[in-house]
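Peer 1: Dropping a structure here in structure tokens format, bear with me for questions.
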Amino acid sequence: MILGLLLSMVMCHMMGATFAISYEAIALGVGFSAAVGIIFGWAPARKASKLNPIDALRSV
């Protein structure tokens, strides 16, 4: 995140634009990433928890 902010700051300086940090955008990005990680981690774990351990090991 720091690298992205520094790169944006340098590019804005080179183009003559103003640089502003949007904390709402950062919070939205972190929240969305957390939600995707939780959903796509929880669903397979829930499915795996319903399997019989012996059958699950045999399918590998």
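Ligands are numbered from 1 in the order shown, residues from 1 within each chain, and chains are lettered A, B, ... in the order they appear in the structure tokens.
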Which of chain A counts as alpha helix (DSSP H) under DSSP, as a ChimeraX atom specification please?
Peer 2: /A:2-15,23-49,53-58
Peer 1: May I have the residues within 9 Å of A:Met9 as number ranges by chain, using only C-alpha atoms and disregarding those fewer than 6 positions away in the same chain?
Peer 2: A: 18-20
